Structure formats: C-alpha cells, structure tokens
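**Student:** This is the structure, below, for whatever I ask next.
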Amino acid sequence: MIKAFVVDNDRLRLADDLVANGDQVVWADLLNPTKEEEATIETWLGVAIPTREEMEEIEISSRLYIEDGAYFMTATLPAQTEIDDPLMSPVTFVLAGPRLVTIRYHEPKAFKTFPLRAEKVATGCTTGNTILIGLLEAIVDRLADILERAGRDIETISRDIFEARSTKVNKRNRDFQELLKAIGRKEDIASSIRDSLISLQRLTGFLAHVATQIKMSKDIRARIKTVSRDVLSLADHATFLSQKISFLLDATLGMISIEQNAIIKIFSVAAVIFLPPTLVASIYGMNFDIIPELKWELGYPFAIALMILSAILPFWYFRRRGWL
C-alpha cells in the first residue's frame, strides 16, 4: 500500500493518487509494498529502493549509504508495543531532494500519530527534510513512552519481590513463577528498545553528516542534534532499566534459594529431632530374651517418656542457639 502526502496550507494532506499528484507529493509511505508498487515508487523517485531482505541486513554499510544522490537510512523500530511482545522490524527512510520515502513492513504507532497531527496542525513539515525530522521526533517520543511504562512496571515487580507474600508454599511458588515470567517479558522489551535506540543513534549521526553535506538550514541541524541527544539519553535509560531487571532477576533467584533453604532446614531439623526417639524405639524393639525393662510394669511409660524427652531436648537446644 502506498500513502502519498502533499502540502496544503503548511499541512500534510493525503493525496488520492501518487501518479496523478507526482509533482506535488513530498512524502510517500510504503506499507508491505508489492512489486508493482515498488516499481511505481522507483519510477517516481528515480532511484531503486531496497528490498525487505536488504533492509534486514545488519551491516552499517547496508543500512546507511548514499546511492544516485539519494540518502538511505534504516532503523529498527517496534510495533504492537501495547503488549509485552513487541514486533521489531526495520524501516527505511529514503531522502531524495525534497522528497521522502519510507518503506516498512509493520506499523509503528508514530506512523499513525504523526500524519494525523501534521494534517491538523501546521508543523512546518513541508519538505522531505522537515518531514523526516518530525517523524523521527515522533518515533523518539513513542520510545520514551514505552520506556516510561516499562519503568513503572519494573517498579511494580520490585515491590512484589520484596514485599511479604502468602504464607502458603504453593501460593509462593506460583508468585515466583509469575515474577520470573514478568521479569523475562520486561527484559525483552528493554533489550528491544535498546536495539532500536542504537540503530536510531547511528541514523541520526549519519543524518547530521548529511545535513552538513547538503547544507540544510541551521534550524534543521539544531533539531537533528536535539533528536540525537534525546536518543542517547533514552539509550542510557534503557541500559539502566536492563541493569535493574538483572538485579531483580538475581533478587528473585535469591528469594527462591532462601525458600528452598528454609524447606531443607525444616526437614533437617525434623530428622535431627526424631532421630533420638527412633534410637530409643530401636533399642527397646530388639529381640533379645533378656531386657531389664521387659518385665517392668512401668517399662512402656518409661520408654514413651524417654522418647518424648529425647525429642524435646534437641528442639529446645536449637531454639536456644537461634537456629529455629
């Protein structure tokens, strides 16, 4: 699908047909383009656009390059960020003179919100350069919102880990399982956003070089620097969140280890407490003809009392030493 935008009273307006309005179109947005649509864009733009396989290559030379006077920039952006399983896919920006072409195979939210805003408000996005900067600013704002939400979720997980939980063992086990799953999901989000920010950091650095090379206006160069600083600060924040997630994972595993040690401790204490009574019962259970207490009327109560006493003494000793 091709969405073509033209400038109307300093606002972007969606054109009905790219071919019919070819001279006025300043931004063409390709979503899951077909071969025919790719050919149409290449004819209109005058340069070949990359295929999906070329967009997915990770080499810098394949993502940031100049060809036939056009500047190609590819970044990895997230979509479906409302859930904990974002879809990561590359998006290519092609800047050719006053025209901008974006090629994508998923729908990041910025590509929905930015055109709507540019249609209602005069944002100054009248050329490919300014549209690209405005689109990058919307993308960075969206990534900031995702990180803020992830940060709040991580704080909630942190409270769940260190606050008191149910006294029932099976309920605590379920709590730990849910915590580990939640930590894993947040780590996926943080790492995905960090990868996206790294690709944007490289893109803005390349764009700053392009702005100097083609002598963009001072205002545009200043906006590029601002976007670059925002991306860098968000990357640092994403790194901080990843470190905090690692800490919470270690803390959760430590709590699980403590729970396991407590269970093993209970079994160990029980074994020690019941060992002396077992020894007494074993002694009086031996099949010898001559046992002094065998004919004693108080032999049975004496053996029972001895077993009880031998169980109480170790328990009292452990409590006094603070082992229980």
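Labels used: A, B, ... for chains in the order of the structure tokens, numbers from 1 for residues in each chain, and numbers from 1 for ligands as shown.
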Which residues come within 10 Å of range 217-227 of chain A, counting only C-alpha atoms, excluding same-chain residues fewer than 2 positions away, as a short mmCIF file (atom, residue, chain, number, x, y, z; two decimals) with C-alpha atoms, in the first residue's frame?

**Tutor:**
```
data_model
loop_
_atom_site.label_atom_id
_atom_site.label_comp_id
_atom_site.auth_asym_id
_atom_site.auth_seq_id
_atom_site.Cartn_x
_atom_site.Cartn_y
_atom_site.Cartn_z
CA ASN A 129 13.86 17.03 5.28
CA THR A 130 11.39 18.53 7.73
CA LEU A 132 11.89 13.21 8.25
CA ILE A 133 12.86 15.24 11.32
CA GLY A 134 9.26 15.44 12.51
CA LEU A 136 12.00 10.93 13.94
CA GLU A 137 10.84 13.19 16.78
CA ALA A 138 7.53 11.31 16.93
CA ILE A 139 9.38 7.98 16.97
CA VAL A 140 11.65 9.10 19.82
CA ASP A 141 8.63 10.35 21.80
CA LEU A 200 18.44 5.41 15.66
CA GLN A 201 21.63 6.74 17.20
CA THR A 204 20.89 10.47 13.48
CA GLY A 205 24.69 10.57 13.30
CA LEU A 207 21.73 12.33 9.13
CA ALA A 208 23.78 15.03 10.87
CA HIS A 209 26.58 14.38 8.39
CA VAL A 210 24.10 14.55 5.51
CA ALA A 211 22.68 17.84 6.85
CA THR A 212 26.14 19.37 6.82
CA ILE A 214 23.82 19.24 1.63
CA LYS A 215 23.77 22.44 3.74
CA ARG A 229 20.78 13.85 22.32
CA ASP A 230 17.31 12.52 23.15
CA VAL A 231 18.16 9.16 21.61
CA LEU A 232 21.41 9.00 23.59
CA SER A 233 19.67 9.80 26.88
#
```

**Student:** Using DSSP assignments from the backbone, pull out every residue in range 68-249 of chain A that falls under helix (DSSP H, G or I) and give it to me as an NGL selection string.

**Tutor:** :A and (110-120 or 128-162 or 169-213 or 218-249)

**Student:** Applying 10 Å and only C-alpha atoms, which residues near Pro276 in chain A remain after dropping the ones on its own chain fewer than 2 positions away? List them as a list in words.

**Tutor:** Ala271, Val272, Ile273, Phe274, Thr278, Leu279, Val280, Ala281, Ser282, Leu306, Met307, Ile308, Leu309, Ser310, Ala311, Ile312, Leu313 and Pro314 of chain A

**Student:** Show me, as a VMD selection string, the residues that have an atom within 8 Å of Ala28 in chain A when counting only C-alpha atoms, minus same-chain residues fewer than 3 positions from it.

**Tutor:** chain A and resid 2 to 5 18 25 100 to 102

**Student:** Those same residues, written as a PDB file, in the first residue's frame with C-alpha atoms?

**Tutor:**
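Dumped everything to selection.pdb:
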```pdb
ATOM      1  CA  ILE A   2       1.219   3.497  -0.879  1.00  0.00           C
ATOM      2  CA  LYS A   3       0.198   6.596   1.075  1.00  0.00           C
ATOM      3  CA  ALA A   4       1.161   9.807  -0.729  1.00  0.00           C
ATOM      4  CA  PHE A   5       1.148  13.139   1.105  1.00  0.00           C
ATOM      5  CA  LEU A  18       0.705   9.157  -6.326  1.00  0.00           C
ATOM      6  CA  VAL A  25       3.951  14.656  -3.361  1.00  0.00           C
ATOM      7  CA  LEU A 100      10.918  11.435   1.411  1.00  0.00           C
ATOM      8  CA  VAL A 101      10.046   7.758   1.012  1.00  0.00           C
ATOM      9  CA  THR A 102       9.517   5.420   3.957  1.00  0.00           C
TER      10      THR A 102
END
```

**Student:** Compare A:Met88, A:Ile290, A:Ile157, A:Ala303 by their minimum atom-to-atom distance to Leu248 in chain A, counting only C-alpha atoms, and give me the closest one.

**Tutor:**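 Smallest separation from Leu248 in chain A among the options: A:Ile157.
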
**Student:** At a cut-off of 10 Å, can you tabulate as a Markdown table every residue of range 151-237 of chain A near range 41-61 of chain A together with its closest atom pair and the distance in Å to one decimal, using only C-alpha atoms and ordering rows by chain then number?

**Tutor:**
```
| residue | atom | partner | partner_atom | distance |
| --- | --- | --- | --- | --- |
| A:Ser199 | CA | A:Ile60 | CA | 9.3 |
| A:Arg202 | CA | A:Ile60 | CA | 8.5 |
| A:Leu203 | CA | A:Ile60 | CA | 9.6 |
```

**Student:** How about saving the chosen residues, all heavy atoms kept, as a PDB file, in the first residue's frame?

**Tutor:**
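To be explicit, this is the file written out as part-v7.pdb:
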```pdb
ATOM      1  N   SER A 199      20.147   1.720  16.748  1.00  0.00           N
ATOM      2  CA  SER A 199      20.019   1.941  15.306  1.00  0.00           C
ATOM      3  C   SER A 199      19.642   3.391  15.006  1.00  0.00           C
ATOM      4  O   SER A 199      20.131   3.983  14.030  1.00  0.00           O
ATOM      5  CB  SER A 199      18.972   0.984  14.724  1.00  0.00           C
ATOM      6  OG  SER A 199      17.675   1.270  15.215  1.00  0.00           O
ATOM      7  N   ARG A 202      22.746   5.638  15.345  1.00  0.00           N
ATOM      8  CA  ARG A 202      23.568   5.612  14.135  1.00  0.00           C
ATOM      9  C   ARG A 202      22.908   6.411  13.017  1.00  0.00           C
ATOM     10  O   ARG A 202      23.591   7.114  12.257  1.00  0.00           O
ATOM     11  CB  ARG A 202      23.783   4.161  13.704  1.00  0.00           C
ATOM     12  CG  ARG A 202      24.617   3.337  14.685  1.00  0.00           C
ATOM     13  CD  ARG A 202      24.567   1.864  14.333  1.00  0.00           C
ATOM     14  NE  ARG A 202      25.398   1.075  15.230  1.00  0.00           N
ATOM     15  CZ  ARG A 202      25.376  -0.254  15.280  1.00  0.00           C
ATOM     16  NH1 ARG A 202      24.548  -0.933  14.490  1.00  0.00           N
ATOM     17  NH2 ARG A 202      26.163  -0.906  16.123  1.00  0.00           N
ATOM     18  N   LEU A 203      21.575   6.300  12.910  1.00  0.00           N
ATOM     19  CA  LEU A 203      20.868   7.019  11.848  1.00  0.00           C
ATOM     20  C   LEU A 203      20.992   8.529  12.032  1.00  0.00           C
ATOM     21  O   LEU A 203      21.251   9.257  11.056  1.00  0.00           O
ATOM     22  CB  LEU A 203      19.396   6.599  11.845  1.00  0.00           C
ATOM     23  CG  LEU A 203      18.514   7.126  10.712  1.00  0.00           C
ATOM     24  CD1 LEU A 203      17.399   6.131  10.414  1.00  0.00           C
ATOM     25  CD2 LEU A 203      17.880   8.479  11.068  1.00  0.00           C
TER      26      LEU A 203
END
```

**Student:** Would you list, as JSON, numbers by chain, the residues of range 33-117 of chain A that end up in strand (DSSP E or B) under DSSP run on this structure's backbone?

**Tutor:** {"A": [64, 65, 66, 67, 70, 71, 72, 73, 74, 75, 76, 77, 78, 79, 87, 88, 89, 90, 91, 92, 93, 94, 95, 96, 99, 100, 101, 102, 103, 104]}

**Student:** Which of these, A:Ala118, A:Thr92, A:Arg321, A:Tyr284, has the shortest distance to Gly299 in chain A once you count only C-alpha atoms?

**Tutor:**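 With only C-alpha atoms as the atom set, the closest residue is A:Tyr284.
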
**Student:** Residues at most 9 Å from Val121 in chain A, counting only C-alpha atoms, excluding those fewer than 2 positions away in the same chain, as an MDAnalysis selection string?

**Tutor:** chainID A and resid 10:12 116:119 123:124

**Student:** My list of candidates is A:Ala39, A:Leu143, A:Val6, A:Val91. Which is closest to Ile189 in chain A when distances are computed with only C-alpha atoms?

**Tutor:**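 Closest to Ile189 in chain A of all the choices is A:Leu143.
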
**Student:** Can you work out which one of A:Asp289, A:Glu178, A:Asp188, A:Glu148 has the shortest atom-to-atom distance to Leu87 in chain A, counting only C-alpha atoms?

**Tutor:**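 Ranking A:Asp289, A:Glu178, A:Asp188, A:Glu148 by distance to Leu87 in chain A, first place goes to A:Asp188.
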
**Student:** Using only C-alpha atoms, which residues sit within 12 Å of Ile161 in chain A once same-chain residues fewer than 6 positions away are excluded, as a list in words?

**Tutor:**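 Here the answer would be Ile154, Glu155, Arg172, Asp175, Phe176, Gln177, Glu178, Leu179, Leu180, Ala182, Ile183, Ile245, Phe247, Leu248, Leu249, Asp250, Ala251, Thr252, Leu253, Gly254, Met255 and Ile256 of chain A.
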